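This report refers to the structure that appears directly beneath it.
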Amino acid sequence: MTRQSIDTKGTLVNSVIKALNILECFSPTQRELKLSQISSHLGIPKSTALNLIRTLESKGYLIYSPHSQTYQLGYNVMTLSYNLRTSMPIIQYALPFLEELQVKTGEIIYLTTHVEGQVLYLEGVYPSVRIGNYSIAGKRLPMHCTGCGKAMLAYLPDEEFEEVLHRWKLPALTPNTITTREQLESEIESIRNRGYAIDCEEETLGIKCVAVAIRDATGYPCGAISISGTTISMRDELLDEYAKIISRVCSVLITNAHQLPAAQMRPSVNPEDF
């Protein structure tokens with residue numbers, strides 16, 4: 001669905017919006033919620049929340065635990081996620097290139113896009129000995145503190161850049177996170193000059209990455225690819241070479257950039273503007 005269709009007035013169903021808002025209440029830090037918490041979070045009566053919850057529960061999108069008297073996401077949410085990922089040709093097309101990057105570098109490779117002002121991780125290719133123990137696909141993170149996010153931020157149109165800053169601000173995830181506009185603008189200038197972004201323990205302590213944006217024919221950043229590893233293995237002298245390798249992969253993916261969510265959700269563009 002494009003932003004143009006989303007902006008159509010008079011066609012949104014309020015009950016559907018409320019039901020989806022319930023699903024969005026859950027997160028890695030809020031895996032189980034009571035009825036009162038959901039009602040309070042959405043600002044709706046408990047009776048309304050309960051009717052919507054029972055409907056979602058009947059379709060397998062929520063599960064109720066009598067023991068804790070809480071709700072959690074149901075397995076049909078996982079099925080939807082699987083269906084989405086397998087229906088995105090760009091992931092299947094990019095995967096061999098991501099796997100080749102992983103073999104060459106021995107590090108973690110990520111394919112990302114941006115949605116609603118955040119980085120959305122689409123795929124990860126990991127070494128046999130992994131950093132962490134979970135798949136990152138589907139995870140969202142702020143743009144200002146990740147390599148992929150900064151690589152895309154550097155080439156966003158001014159209006160979208162301002163929207164990101166206004167909506168999400170610049171929260172600190174580690175002591176190294178950029179937290180002021182002046183720092184971010186300086187970083188973006190550096191990214192544009194060298195052609196790639198670096199995240200040095202800005203999102204996770206001990207982790208360093210280099211990222212390059214996937215830009216379409218107009219220069220719009222539809223996605224990004226990163227190489228990520230420990231601060232020990234990701235030595236400074238490797239970053240420039242890693243960025244060149246990523247750039248070659250990005251150039252191959254340009255013809256399929258329109259398949260990335262950021263490109264599909266982009267406002268209608270008049271070619272005469274370029």
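Ligands are numbered from 1 in the order shown, residues from 1 within each chain, and chains are lettered A, B, ... in the order they appear in the structure tokens.
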Requested in this report: Would you mind listing what lies within 7 Å of Leu120 in chain A as a PyMOL selection string, with only C-alpha atoms counted and same-chain residues fewer than 3 positions away left out?
Outcome: chain A and resi 112-115+138-141
Could those selected residues go to a file with C-alpha atoms, as a PDB file, in the first residue's frame?
ATOM      1  CA  THR A 112      17.376  -3.196   5.889  1.00  0.00           C
ATOM      2  CA  THR A 113      14.861  -0.612   4.767  1.00  0.00           C
ATOM      3  CA  HIS A 114      13.124   2.251   6.566  1.00  0.00           C
ATOM      4  CA  VAL A 115       9.468   2.378   7.580  1.00  0.00           C
ATOM      5  CA  GLY A 138      11.284  -7.670  11.595  1.00  0.00           C
ATOM      6  CA  LYS A 139      13.053  -5.681  14.298  1.00  0.00           C
ATOM      7  CA  ARG A 140      12.878  -1.885  14.227  1.00  0.00           C
ATOM      8  CA  LEU A 141      15.469   0.524  15.575  1.00  0.00           C
TER       9      LEU A 141
END
Query raised in the report: What's the 12 Å shell around Gly147 in chain A, counting only C-alpha atoms, without same-chain residues fewer than 6 positions away, as number ranges by chain?
Result: A: 109-113, 119, 121, 141, 153-154, 177-178, 187-188, 191, 196-204, 207-213, 223-229, 243
Requested in this report: Identify, with DSSP run on backbone atoms, the residues in range 59-183 of chain A assigned to strand (DSSP E or B), and express the list as a list in words.
Outcome: Leu62, Ile63, Tyr64, Ser65, Thr70, Tyr71, Gln72, Leu73, Ile108, Ile109, Tyr110, Leu111, Thr112, Thr113, His114, Val115, Gln118, Val119, Leu120, Tyr121, Leu122, Glu123, Gly124, Val125, Arg140, Leu141 and Pro142 of chain A
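Compared by their closest atoms to Val77 in chain A, and using only C-alpha atoms, the residues A:Glu185, A:Glu57, A:Glu241, A:Asp236 rank with A:Glu57 nearest.
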Requested in this report: Could you give me, as a PyMOL selection string, the residues within 9 Å of Lys34 in chain A, counting only C-alpha atoms and dropping anything in the same chain fewer than 3 positions from it?
Outcome: chain A and resi 37-39+68-71
Please give the complete set of residues from range 11-253 of chain A that DSSP, run on the backbone, assigns to alpha helix (DSSP H), formatted as a compact mmCIF listing (two decimals) with N, CA and C atoms, in the first residue's frame.
# COMPACT_ATOMS: atom_id res chain seq x y z
N ASN A 14 -12.63 2.49 11.92
CA ASN A 14 -12.09 2.77 13.24
C ASN A 14 -11.86 1.51 14.07
N SER A 15 -12.77 0.55 13.99
CA SER A 15 -12.62 -0.66 14.79
C SER A 15 -11.41 -1.48 14.35
N VAL A 16 -11.12 -1.46 13.06
CA VAL A 16 -9.94 -2.17 12.56
C VAL A 16 -8.67 -1.48 13.08
N ILE A 17 -8.66 -0.16 13.06
CA ILE A 17 -7.52 0.60 13.57
C ILE A 17 -7.29 0.26 15.05
N LYS A 18 -8.36 0.20 15.84
CA LYS A 18 -8.24 -0.11 17.26
C LYS A 18 -7.69 -1.52 17.46
N ALA A 19 -8.16 -2.46 16.64
CA ALA A 19 -7.69 -3.84 16.77
C ALA A 19 -6.19 -3.93 16.44
N LEU A 20 -5.78 -3.24 15.39
CA LEU A 20 -4.36 -3.25 15.03
C LEU A 20 -3.53 -2.54 16.09
N ASN A 21 -4.08 -1.50 16.68
CA ASN A 21 -3.38 -0.80 17.76
C ASN A 21 -3.13 -1.72 18.95
N ILE A 22 -4.06 -2.64 19.19
CA ILE A 22 -3.87 -3.61 20.27
C ILE A 22 -2.66 -4.48 19.98
N LEU A 23 -2.55 -4.96 18.76
CA LEU A 23 -1.41 -5.80 18.39
C LEU A 23 -0.10 -5.04 18.55
N LEU A 35 -5.71 -6.96 30.44
CA LEU A 35 -6.77 -6.19 29.81
C LEU A 35 -6.70 -4.73 30.23
N SER A 36 -6.48 -4.49 31.53
CA SER A 36 -6.43 -3.11 32.03
C SER A 36 -5.29 -2.32 31.40
N GLN A 37 -4.15 -2.99 31.15
CA GLN A 37 -3.01 -2.32 30.54
C GLN A 37 -3.30 -1.92 29.09
N ILE A 38 -3.94 -2.84 28.37
CA ILE A 38 -4.28 -2.56 26.97
C ILE A 38 -5.30 -1.43 26.89
N SER A 39 -6.30 -1.50 27.74
CA SER A 39 -7.33 -0.46 27.78
C SER A 39 -6.73 0.90 28.09
N SER A 40 -5.85 0.93 29.09
CA SER A 40 -5.23 2.19 29.50
C SER A 40 -4.30 2.73 28.41
N HIS A 41 -3.54 1.84 27.80
CA HIS A 41 -2.57 2.26 26.77
C HIS A 41 -3.27 2.89 25.57
N LEU A 42 -4.43 2.34 25.19
CA LEU A 42 -5.14 2.84 24.01
C LEU A 42 -6.17 3.92 24.36
N LYS A 46 -12.68 -0.67 28.92
CA LYS A 46 -12.33 -2.09 29.01
C LYS A 46 -13.28 -2.95 28.19
N SER A 47 -14.55 -2.59 28.17
CA SER A 47 -15.54 -3.39 27.43
C SER A 47 -15.23 -3.39 25.94
N THR A 48 -14.85 -2.23 25.42
CA THR A 48 -14.48 -2.13 24.00
C THR A 48 -13.22 -2.93 23.72
N ALA A 49 -12.24 -2.78 24.61
CA ALA A 49 -10.98 -3.50 24.45
C ALA A 49 -11.21 -5.01 24.49
N LEU A 50 -12.07 -5.44 25.41
CA LEU A 50 -12.31 -6.88 25.55
C LEU A 50 -12.97 -7.46 24.31
N ASN A 51 -13.93 -6.74 23.72
CA ASN A 51 -14.58 -7.23 22.50
C ASN A 51 -13.57 -7.38 21.36
N LEU A 52 -12.69 -6.40 21.23
CA LEU A 52 -11.68 -6.47 20.18
C LEU A 52 -10.68 -7.59 20.46
N ILE A 53 -10.29 -7.73 21.72
CA ILE A 53 -9.34 -8.77 22.10
C ILE A 53 -9.91 -10.16 21.81
N ARG A 54 -11.18 -10.36 22.16
CA ARG A 54 -11.82 -11.67 21.93
C ARG A 54 -11.88 -11.99 20.44
N THR A 55 -12.10 -10.96 19.63
CA THR A 55 -12.13 -11.16 18.18
C THR A 55 -10.75 -11.58 17.68
N LEU A 56 -9.71 -10.88 18.13
CA LEU A 56 -8.34 -11.22 17.74
C LEU A 56 -7.96 -12.60 18.25
N GLU A 57 -8.42 -12.93 19.45
CA GLU A 57 -8.13 -14.23 20.03
C GLU A 57 -8.78 -15.35 19.21
N SER A 58 -10.00 -15.12 18.74
CA SER A 58 -10.72 -16.12 17.96
C SER A 58 -10.04 -16.41 16.63
N TYR A 75 0.11 -17.20 17.40
CA TYR A 75 1.01 -17.75 16.39
C TYR A 75 0.65 -17.32 14.97
N ASN A 76 -0.56 -16.86 14.76
CA ASN A 76 -0.92 -16.40 13.42
C ASN A 76 -0.16 -15.12 13.05
N VAL A 77 0.30 -14.37 14.06
CA VAL A 77 1.15 -13.20 13.77
C VAL A 77 2.46 -13.67 13.15
N MET A 78 3.00 -14.78 13.67
CA MET A 78 4.23 -15.34 13.12
C MET A 78 4.00 -15.82 11.69
N THR A 79 2.84 -16.41 11.44
CA THR A 79 2.53 -16.87 10.08
C THR A 79 2.46 -15.71 9.11
N LEU A 80 1.84 -14.62 9.54
CA LEU A 80 1.78 -13.42 8.70
C LEU A 80 3.18 -12.91 8.38
N SER A 81 4.04 -12.90 9.40
CA SER A 81 5.40 -12.43 9.21
C SER A 81 6.13 -13.30 8.20
N TYR A 82 5.96 -14.60 8.31
CA TYR A 82 6.59 -15.52 7.35
C TYR A 82 6.06 -15.28 5.94
N ASN A 83 4.76 -15.12 5.83
CA ASN A 83 4.16 -14.90 4.51
C ASN A 83 4.68 -13.61 3.88
N LEU A 84 4.86 -12.57 4.70
CA LEU A 84 5.37 -11.31 4.18
C LEU A 84 6.80 -11.46 3.67
N ARG A 85 7.65 -12.07 4.48
CA ARG A 85 9.06 -12.19 4.10
C ARG A 85 9.23 -13.04 2.85
N THR A 86 8.46 -14.12 2.74
CA THR A 86 8.60 -14.99 1.58
C THR A 86 7.94 -14.41 0.33
N PRO A 89 10.26 -10.47 -3.13
CA PRO A 89 11.30 -10.97 -4.04
C PRO A 89 12.68 -10.40 -3.77
N ILE A 90 12.74 -9.16 -3.28
CA ILE A 90 14.02 -8.52 -3.06
C ILE A 90 14.86 -9.30 -2.06
N ILE A 91 14.23 -9.92 -1.06
CA ILE A 91 14.98 -10.69 -0.07
C ILE A 91 15.60 -11.93 -0.72
N GLN A 92 14.78 -12.65 -1.50
CA GLN A 92 15.29 -13.85 -2.16
C GLN A 92 16.37 -13.50 -3.18
N TYR A 93 16.20 -12.39 -3.86
CA TYR A 93 17.17 -11.95 -4.86
C TYR A 93 18.49 -11.54 -4.20
N ALA A 94 18.38 -10.86 -3.05
CA ALA A 94 19.57 -10.33 -2.38
C ALA A 94 20.32 -11.40 -1.59
N LEU A 95 19.63 -12.45 -1.17
CA LEU A 95 20.22 -13.42 -0.24
C LEU A 95 21.55 -14.01 -0.70
N PRO A 96 21.70 -14.44 -1.95
CA PRO A 96 23.01 -14.98 -2.37
C PRO A 96 24.14 -13.97 -2.23
N PHE A 97 23.85 -12.70 -2.51
CA PHE A 97 24.86 -11.65 -2.38
C PHE A 97 25.21 -11.41 -0.92
N LEU A 98 24.19 -11.45 -0.05
CA LEU A 98 24.43 -11.28 1.38
C LEU A 98 25.27 -12.44 1.92
N GLU A 99 24.96 -13.64 1.46
CA GLU A 99 25.71 -14.82 1.90
C GLU A 99 27.17 -14.74 1.44
N GLU A 100 27.37 -14.23 0.22
CA GLU A 100 28.74 -14.06 -0.27
C GLU A 100 29.51 -13.04 0.57
N LEU A 101 28.84 -11.96 0.95
CA LEU A 101 29.47 -10.97 1.82
C LEU A 101 29.87 -11.60 3.15
N GLN A 102 29.00 -12.44 3.68
CA GLN A 102 29.28 -13.07 4.98
C GLN A 102 30.51 -13.98 4.89
N VAL A 103 30.59 -14.74 3.80
CA VAL A 103 31.73 -15.65 3.62
C VAL A 103 33.03 -14.85 3.47
N LYS A 104 32.99 -13.75 2.74
CA LYS A 104 34.19 -12.93 2.51
C LYS A 104 34.68 -12.26 3.78
N THR A 105 33.76 -11.82 4.62
CA THR A 105 34.14 -11.03 5.79
C THR A 105 34.12 -11.80 7.10
N GLY A 147 24.15 1.95 11.75
CA GLY A 147 24.86 2.22 10.52
C GLY A 147 23.92 2.33 9.34
N CYS A 148 23.02 1.36 9.21
CA CYS A 148 22.05 1.38 8.10
C CYS A 148 21.16 2.60 8.18
N GLY A 149 20.71 2.93 9.39
CA GLY A 149 19.82 4.07 9.56
C GLY A 149 20.48 5.37 9.15
N LYS A 150 21.71 5.57 9.58
CA LYS A 150 22.43 6.80 9.24
C LYS A 150 22.74 6.85 7.74
N ALA A 151 23.05 5.69 7.15
CA ALA A 151 23.33 5.65 5.71
C ALA A 151 22.11 6.10 4.91
N MET A 152 20.91 5.72 5.38
CA MET A 152 19.68 6.13 4.69
C MET A 152 19.31 7.57 5.03
N LEU A 153 19.48 7.96 6.29
CA LEU A 153 19.17 9.33 6.70
C LEU A 153 19.94 10.35 5.87
N ASP A 158 14.79 16.52 2.55
CA ASP A 158 14.76 17.35 3.76
C ASP A 158 13.48 17.16 4.56
N GLU A 159 12.34 17.10 3.87
CA GLU A 159 11.06 16.99 4.56
C GLU A 159 10.97 15.69 5.36
N GLU A 160 11.40 14.58 4.77
CA GLU A 160 11.37 13.30 5.47
C GLU A 160 12.38 13.28 6.62
N PHE A 161 13.52 13.88 6.41
CA PHE A 161 14.54 13.97 7.46
C PHE A 161 13.97 14.69 8.69
N GLU A 162 13.28 15.80 8.44
CA GLU A 162 12.69 16.56 9.54
C GLU A 162 11.59 15.77 10.24
N GLU A 163 10.83 15.00 9.46
CA GLU A 163 9.77 14.18 10.05
C GLU A 163 10.35 13.15 11.01
N VAL A 164 11.45 12.53 10.61
CA VAL A 164 12.11 11.53 11.47
C VAL A 164 12.55 12.16 12.78
N LEU A 165 13.21 13.30 12.70
CA LEU A 165 13.70 13.96 13.92
C LEU A 165 12.55 14.41 14.81
N HIS A 166 11.48 14.93 14.19
CA HIS A 166 10.34 15.42 14.97
C HIS A 166 9.62 14.27 15.67
N ARG A 167 9.48 13.15 14.98
CA ARG A 167 8.70 12.04 15.54
C ARG A 167 9.48 11.24 16.58
N TRP A 168 10.75 10.95 16.29
CA TRP A 168 11.48 10.02 17.13
C TRP A 168 12.56 10.67 18.00
N ARG A 181 21.18 17.49 17.28
CA ARG A 181 21.04 17.74 15.85
C ARG A 181 22.38 18.13 15.22
N GLU A 182 23.16 18.91 15.94
CA GLU A 182 24.45 19.36 15.41
C GLU A 182 25.37 18.16 15.15
N GLN A 183 25.40 17.21 16.08
CA GLN A 183 26.21 16.01 15.89
C GLN A 183 25.73 15.21 14.69
N LEU A 184 24.41 15.08 14.58
CA LEU A 184 23.84 14.28 13.49
C LEU A 184 24.12 14.92 12.13
N GLU A 185 23.96 16.22 12.04
CA GLU A 185 24.21 16.90 10.76
C GLU A 185 25.68 16.79 10.37
N SER A 186 26.58 16.87 11.34
CA SER A 186 28.00 16.70 11.06
C SER A 186 28.29 15.28 10.59
N GLU A 187 27.65 14.30 11.24
CA GLU A 187 27.83 12.90 10.86
C GLU A 187 27.31 12.65 9.44
N ILE A 188 26.17 13.22 9.11
CA ILE A 188 25.59 13.04 7.78
C ILE A 188 26.49 13.62 6.70
N GLU A 189 27.09 14.77 7.00
CA GLU A 189 28.03 15.37 6.05
C GLU A 189 29.22 14.44 5.80
N SER A 190 29.70 13.81 6.87
CA SER A 190 30.82 12.87 6.74
C SER A 190 30.40 11.65 5.92
N ILE A 191 29.19 11.17 6.14
CA ILE A 191 28.69 10.01 5.40
C ILE A 191 28.61 10.32 3.91
N ARG A 192 28.10 11.48 3.58
CA ARG A 192 28.00 11.87 2.17
C ARG A 192 29.38 11.99 1.53
N ASN A 193 30.35 12.48 2.27
CA ASN A 193 31.69 12.67 1.73
C ASN A 193 32.40 11.35 1.46
N ARG A 194 32.26 10.39 2.41
CA ARG A 194 32.98 9.13 2.22
C ARG A 194 32.14 8.04 1.56
N ASP A 236 39.48 -0.53 12.07
CA ASP A 236 39.30 0.68 11.26
C ASP A 236 39.86 0.52 9.85
N GLU A 237 40.98 -0.17 9.71
CA GLU A 237 41.61 -0.30 8.40
C GLU A 237 40.81 -1.17 7.44
N LEU A 238 39.81 -1.90 7.96
CA LEU A 238 38.98 -2.76 7.12
C LEU A 238 37.74 -2.05 6.58
N LEU A 239 37.34 -0.98 7.23
CA LEU A 239 36.05 -0.38 6.95
C LEU A 239 35.91 0.13 5.53
N ASP A 240 36.92 0.78 5.02
CA ASP A 240 36.85 1.33 3.66
C ASP A 240 36.70 0.21 2.63
N GLU A 241 37.44 -0.87 2.80
CA GLU A 241 37.35 -2.01 1.87
C GLU A 241 35.99 -2.69 1.99
N TYR A 242 35.49 -2.85 3.22
CA TYR A 242 34.18 -3.44 3.41
C TYR A 242 33.10 -2.59 2.74
N ALA A 243 33.22 -1.26 2.86
CA ALA A 243 32.24 -0.37 2.24
C ALA A 243 32.24 -0.52 0.72
N LYS A 244 33.43 -0.70 0.13
CA LYS A 244 33.51 -0.90 -1.32
C LYS A 244 32.81 -2.19 -1.73
N ILE A 245 32.98 -3.24 -0.94
CA ILE A 245 32.33 -4.51 -1.24
C ILE A 245 30.82 -4.38 -1.16
N ILE A 246 30.34 -3.70 -0.11
CA ILE A 246 28.90 -3.48 0.03
C ILE A 246 28.37 -2.66 -1.13
N SER A 247 29.10 -1.63 -1.52
CA SER A 247 28.66 -0.75 -2.61
C SER A 247 28.45 -1.52 -3.90
N ARG A 248 29.31 -2.51 -4.15
CA ARG A 248 29.16 -3.30 -5.36
C ARG A 248 27.87 -4.12 -5.33
N VAL A 249 27.53 -4.63 -4.14
CA VAL A 249 26.27 -5.38 -4.00
C VAL A 249 25.09 -4.44 -4.15
N CYS A 250 25.16 -3.26 -3.54
CA CYS A 250 24.08 -2.28 -3.65
C CYS A 250 23.82 -1.90 -5.10
N SER A 251 24.88 -1.77 -5.89
CA SER A 251 24.72 -1.40 -7.29
C SER A 251 23.98 -2.48 -8.07
N VAL A 252 24.16 -3.74 -7.66
CA VAL A 252 23.44 -4.84 -8.30
C VAL A 252 21.96 -4.81 -7.92
N LEU A 253 21.68 -4.39 -6.70
CA LEU A 253 20.30 -4.41 -6.19
C LEU A 253 19.49 -3.19 -6.62
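Nearest residue to Leu260 in chain A among A:Thr11, A:Ser87, A:Asn176, A:Thr29 is A:Ser87, counting only C-alpha atoms.
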Requested in this report: To one decimal in Å, tell me the separation between CA of Leu170 in chain A and CA of Glu116 in chain A.
Outcome: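 Going from CA of Leu170 in chain A over to CA of Glu116 in chain A covers 15.1 Å.
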